[in-house]
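Containing compact mmCIF, C-alpha atoms and all ligand atoms: structure.txt.
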# COMPACT_ATOMS: atom_id res chain seq x y z
CA MET K 118 15.19 44.02 -117.31
CA PHE K 119 18.95 44.48 -117.12
CA ARG K 120 21.10 42.46 -114.76
CA ALA K 121 24.09 44.09 -113.06
CA ILE K 122 27.43 42.45 -113.87
CA ARG K 123 29.72 41.21 -111.15
CA ILE K 124 32.92 43.20 -111.39
CA ASN K 125 34.46 41.93 -108.17
CA ALA K 126 33.09 38.38 -108.24
CA CYS K 127 34.74 36.88 -105.13
CA LYS K 128 33.77 39.82 -102.93
CA GLN K 129 30.16 39.75 -104.02
CA ILE K 130 29.82 35.95 -103.59
CA LEU K 131 30.85 36.37 -99.93
CA GLN K 132 28.39 39.21 -99.45
CA GLU K 133 25.48 37.54 -101.22
CA LEU K 134 25.98 34.08 -99.75
CA VAL K 135 23.33 33.83 -97.05
CA ILE K 136 23.18 30.39 -95.44
CA PRO K 137 19.68 29.46 -94.18
CA LYS K 138 19.42 28.50 -90.46
CA ALA K 139 18.07 25.03 -91.26
CA VAL K 140 21.15 24.35 -93.38
CA GLN K 141 23.51 25.58 -90.64
CA GLN K 142 22.19 22.97 -88.17
CA ARG K 143 22.76 20.06 -90.54
CA PRO K 144 25.98 17.97 -90.67
CA LEU K 145 29.00 19.56 -92.38
CA SER K 146 28.89 17.39 -95.50
CA VAL K 147 25.29 18.39 -96.24
CA THR K 148 26.11 22.08 -95.66
CA CYS K 149 29.01 21.89 -98.11
CA ALA K 150 26.80 20.23 -100.71
CA CYS K 151 24.14 22.90 -100.21
CA LEU K 152 26.72 25.65 -100.48
CA ARG K 153 28.14 24.17 -103.63
CA ARG K 154 24.68 23.87 -105.12
CA GLN K 155 23.88 27.47 -104.16
CA GLU K 156 27.13 28.69 -105.67
CA LYS K 157 26.43 26.77 -108.86
CA ARG K 158 22.92 28.24 -109.05
CA GLU K 159 24.30 31.73 -108.56
CA GLU K 160 26.86 31.15 -111.27
CA GLU K 161 24.18 30.00 -113.67
CA GLU K 162 22.06 33.03 -112.84
CA ASN K 163 24.90 35.44 -113.43
CA VAL K 164 25.67 34.28 -116.94
CA ARG K 165 26.97 37.72 -117.81
CA ASP K 166 30.06 37.27 -115.67
CA ALA K 167 33.38 38.71 -116.88
CA ARG K 168 34.86 35.24 -117.21
CA LYS K 169 36.85 33.41 -119.84
CA GLY K 170 35.08 31.31 -122.45
CA ARG K 171 31.82 33.25 -122.31
CA GLU K 172 30.10 33.97 -125.61
CA TYR K 173 30.20 37.63 -126.53
CA ASN K 174 26.92 39.02 -127.87
CA PRO K 175 27.06 42.83 -127.64
CA ALA K 176 23.83 44.81 -127.38
CA ASP K 177 22.76 47.35 -129.96
CA ALA K 178 23.00 51.11 -129.42
CA GLU K 179 19.36 51.62 -128.36
CA THR K 180 19.50 48.88 -125.69
CA SER K 181 22.78 50.30 -124.47
CA LYS K 182 21.26 53.77 -124.13
CA GLN K 183 18.41 52.34 -122.03
CA TYR K 184 20.91 50.38 -119.94
CA LEU K 185 22.84 53.56 -119.06
CA GLN K 186 19.64 54.97 -117.51
CA SER K 187 18.72 51.76 -115.65
CA LYS K 188 19.04 50.84 -111.97
CA ALA K 189 21.33 47.89 -112.79
CA TYR K 190 23.85 50.28 -114.33
CA ARG K 191 23.73 52.64 -111.34
CA ASP K 192 24.19 49.75 -108.90
CA THR K 193 27.24 48.56 -110.81
CA TYR K 194 29.06 51.76 -111.71
CA GLY K 195 27.36 54.59 -109.82
CA ASP K 196 28.29 57.99 -111.21
CA ASP K 197 31.83 56.92 -112.14
CA PRO K 198 33.00 56.19 -115.67
CA VAL K 199 32.90 52.49 -116.58
CA TRP K 200 36.70 52.19 -116.73
CA LYS K 201 37.48 53.83 -113.38
CA PHE K 202 37.86 50.71 -111.22
CA TYR K 203 39.29 48.46 -113.95
CA ARG K 204 42.79 47.20 -113.13
CA ARG K 205 45.19 45.56 -115.54
CA ASN K 206 47.63 42.81 -114.64
CA PHE K 207 51.17 43.40 -115.88
CA ARG K 208 54.67 42.85 -114.59
CA GLY K 209 56.72 45.87 -113.50
CA HIS K 210 55.57 49.46 -113.12
CA ILE K 211 55.64 50.58 -116.77
CA ALA K 212 52.26 49.82 -118.33
CA PRO K 213 52.56 48.13 -121.76
CA ASP K 214 50.03 48.68 -124.53
CA THR K 215 46.68 47.06 -123.98
CA ARG K 216 45.90 43.75 -125.67
CA LEU K 217 44.78 43.65 -129.30
CA THR K 218 41.37 42.17 -128.59
CA CYS K 219 39.46 40.44 -125.78
CA VAL K 220 37.18 38.49 -128.11
CA ARG K 221 38.38 35.74 -130.43
CA LYS K 222 35.92 33.75 -132.56
CA GLY K 223 32.97 35.24 -130.68
CA VAL K 224 34.24 34.12 -127.27
CA ILE K 225 35.92 36.09 -124.47
CA SER K 226 39.52 34.86 -124.63
CA THR K 227 40.83 36.35 -121.40
CA GLY K 228 40.08 36.22 -117.69
CA ASN K 229 40.26 40.00 -117.33
CA ALA K 230 38.35 41.43 -120.27
CA CYS K 231 38.56 45.20 -120.83
CA PRO K 232 35.85 47.50 -119.36
CA VAL K 233 33.90 47.58 -122.65
CA CYS K 234 34.15 43.87 -123.54
CA ARG K 235 33.30 42.62 -120.04
CA ASP K 236 29.86 44.27 -120.08
CA GLU K 237 27.80 43.22 -123.10
CA TYR K 238 25.32 46.05 -122.64
CA LEU K 239 27.97 48.69 -123.34
CA CYS K 240 27.86 49.45 -127.04
CA ILE K 241 30.29 51.97 -128.47
CA SER K 242 28.26 53.86 -131.01
CA TYR K 243 27.95 57.46 -132.19
CA LYS K 244 24.34 57.41 -130.96
CA ASN K 245 25.41 56.47 -127.43
CA ARG K 246 26.59 59.92 -126.39
CA ASP K 247 26.66 59.34 -122.60
CA LEU K 248 29.00 56.38 -122.94
CA LEU K 249 31.35 58.11 -125.38
CA GLN K 250 31.73 61.12 -123.09
CA GLN K 251 33.07 58.89 -120.33
CA PHE K 252 36.11 58.25 -122.52
CA LEU K 253 36.78 61.92 -123.32
CA ASP K 254 39.15 64.24 -121.50
CA PRO K 255 37.02 66.96 -119.83
CA MET K 256 39.70 69.63 -120.49
CA THR K 257 40.74 68.95 -124.08
CA GLY K 258 37.76 66.97 -125.37
CA GLU K 259 40.07 64.35 -126.87
CA VAL K 260 39.76 60.59 -126.41
CA LEU K 261 41.74 59.37 -123.40
CA PRO K 262 44.64 57.02 -124.22
CA SER K 263 44.00 53.29 -123.97
CA LYS K 264 46.66 52.98 -121.24
CA VAL K 265 44.48 55.18 -119.02
CA THR K 266 41.10 53.63 -119.77
CA GLY K 267 42.41 50.06 -120.24
CA VAL K 268 40.22 49.24 -123.24
CA CYS K 269 41.65 46.81 -125.79
CA GLN K 270 43.01 48.11 -129.09
CA LYS K 271 40.04 46.89 -131.10
CA GLN K 272 37.57 48.79 -128.92
CA HIS K 273 39.89 51.82 -128.77
CA GLN K 274 40.01 52.10 -132.56
CA ARG K 275 36.23 51.80 -132.65
CA LEU K 276 36.01 54.48 -129.96
CA LEU K 277 38.16 56.93 -132.00
CA PHE K 278 36.02 56.33 -135.08
CA GLU K 279 32.67 56.65 -133.31
CA VAL K 280 33.72 59.81 -131.43
CA ALA K 281 34.75 61.44 -134.71
CA LYS K 282 31.44 60.36 -136.24
CA ALA K 283 29.47 61.74 -133.26
CA GLN K 284 31.33 65.06 -133.65
CA ASP K 285 30.43 65.13 -137.34
CA TYR K 286 26.77 64.54 -136.52
CA GLY K 287 26.91 67.19 -133.79
CA TYR K 288 26.16 64.89 -130.86
CA ILE K 289 29.45 65.85 -129.19
CA GLU K 290 30.95 69.34 -129.21
CA LYS K 291 34.28 69.86 -130.89
CA TYR K 292 36.57 72.80 -130.18
CA PHE K 293 38.87 74.21 -132.84
CA PRO K 294 41.81 76.42 -131.81
CA LEU K 295 41.77 79.93 -133.35
CA ARG K 296 44.75 80.37 -135.66
CA LYS K 297 45.86 83.41 -137.65
CA TYR K 298 48.09 82.79 -140.65
CA ASN K 299 50.48 85.28 -142.27
CA TYR K 300 50.70 84.44 -145.95
CA SER K 301 53.00 87.35 -146.93
CA GLU K 302 55.98 85.01 -147.43
CA TYR K 303 54.09 83.14 -150.12
CA TYR K 304 53.07 86.20 -152.20
CA LYS K 305 56.37 86.20 -154.12
CA LEU K 306 55.83 82.62 -155.12
CA ALA K 307 52.34 83.51 -156.32
CA GLY K 308 53.79 86.35 -158.49
CA LEU K 309 52.11 89.25 -156.70
CA THR K 310 53.46 92.80 -157.12
CA LYS K 311 55.18 94.87 -154.45
CA GLU K 312 52.24 97.26 -154.05
CA ILE K 313 49.77 94.53 -153.27
CA LEU K 314 52.34 92.94 -151.00
CA ASN K 315 52.82 96.17 -149.00
CA ALA K 316 49.07 96.75 -148.76
CA GLU K 317 48.52 93.23 -147.52
CA THR K 318 51.24 93.44 -144.89
CA GLU K 319 49.84 96.75 -143.63
CA GLU K 320 46.41 95.16 -143.29
CA MET K 321 47.88 92.26 -141.45
CA SER K 322 49.75 94.54 -139.02
CA GLU K 323 46.61 96.63 -138.43
CA ASN K 324 44.55 93.53 -137.75
CA SER K 325 47.12 92.11 -135.38
CA VAL K 326 47.25 95.40 -133.40
ZN ZN K 401 38.18 44.44 -125.02
Take the structure from the file and write it as structure tokens.
Ligand SMILES: [Zn+2]
Amino acid sequence: MFRAIRINACKQILQELVIPKAVQQRPLSVTCACLRRQEKREEEENVRDARKGREYNPADAETSKQYLQSKAYRDTYGDDPVWKFYRRNFRGHIAPDTRLTCVRKGVISTGNACPVCRDEYLCISYKNRDLLQQFLDPMTGEVLPSKVTGVCQKQHQRLLFEVAKAQDYGYIEKYFPLRKYNYSEYYKLAGLTKEILNAETEEMSENSV
């Protein structure tokens, strides 16, 4: 049903390219023509390549959920998060902000689309809990910065929104730090008497002990 995307295209072409024995015995020109034809066929088959100029038609949340359970997904990513092996190209050693968007006018406008835009079956949605959790810090539960995951700004903003929505719906757990406030400084402003003030401060000190 789902077809695995080619993340490392050149490497996989070399691995997948099996030349038949009959073709190997033919003259060189014929072999080259056959190879070219085979490469072209493979390219046509793998339409969902992460290449420039490809039309971008993202899947809906339900299809994406099924894709995350499929064999094609496991063959491509394994147990790792989708952004783990994504590498950005930039000059120098200080990573700049990620690009604003990978898709312009419905077409992939870059040769190295971000980990979400390059795979059409990945849909960032509050219903797609497994995908969202790949972008969360396991210690703090916050969304990882875009410089770490490499997703473009458009997808990152969508990610922040959908994670917050998923937390509201209760699909993802949210931890709140326990805070105790001492309001005694504000009692004068509220016009409270000294007796109430003393009683309140005593209660506060008892509670804190
Ligand atoms: Zn992108």
### Task
Around ligand ZN 401 (chain K), at most 8 Å away and counting only C-alpha atoms and all ligand atoms, which residues are there? Put them as an NGL selection string, please.
:K and (216-220 or 230-235 or 268-272)
All file atoms of stretch 193-210 of chain K boxed axis-aligned, 8 Å per side, centre plus edges, as lines of an AutoDock Vina configuration file:
center_x = 42.0
center_y = 50.4
center_z = -113.3
size_x = 45.5
size_y = 31.2
size_z = 22.9
### Message
Taking 4 positions as the minimum chain separation for residues in the same chain, which residues sit within 8 Å of stretch 276-286 of chain K when counting all atoms listed in the file? Answer as a ChimeraX atom specification.
### Response
/K:241-244,246,249,260,272,290-291
### Query
Closest to K:Leu185 among K:Leu295, K:Gly170, K:Arg205, K:Ala121, using only C-alpha atoms?
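Smallest separation from K:Leu185 among the options: K:Ala121.
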### Among the residues K:Asn174, K:Gln274, K:Ser263, K:Asn206, the one that comes closest to K:Tyr238 [using all atoms listed in the file]
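Residue with the minimum atom-to-atom distance to K:Tyr238: K:Asn174.
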### Nearest to K:Lys169 by atom-to-atom distance, counting all atoms listed in the file, from K:Lys264, K:His273, K:Glu156, K:Thr227
K:Thr227
### Long-range neighbours of K:Lys188 as a PyMOL selection string, 10 Å cut-off, all atoms listed in the file, 4 positions minimum in chain
chain K and resi 118-121+184+192-193+195
### Nearest-residue call for K:Tyr288, choices K:Ala316, K:Met256, K:Leu306, K:Leu248, using only C-alpha atoms
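Ranked by minimum distance to K:Tyr288, first place goes to K:Leu248.
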### Summary
If you count all atoms listed in the file, the residue of K:Asn245, K:Thr215, K:Asn324, K:Thr318 closest to K:Ser181 turns out to be K:Asn245
### Summary
Using all atoms listed in the file, the best pick from K:Glu172, K:Gly308, K:Glu320, K:Asp247 as closest to K:Asp196 would be K:Asp247
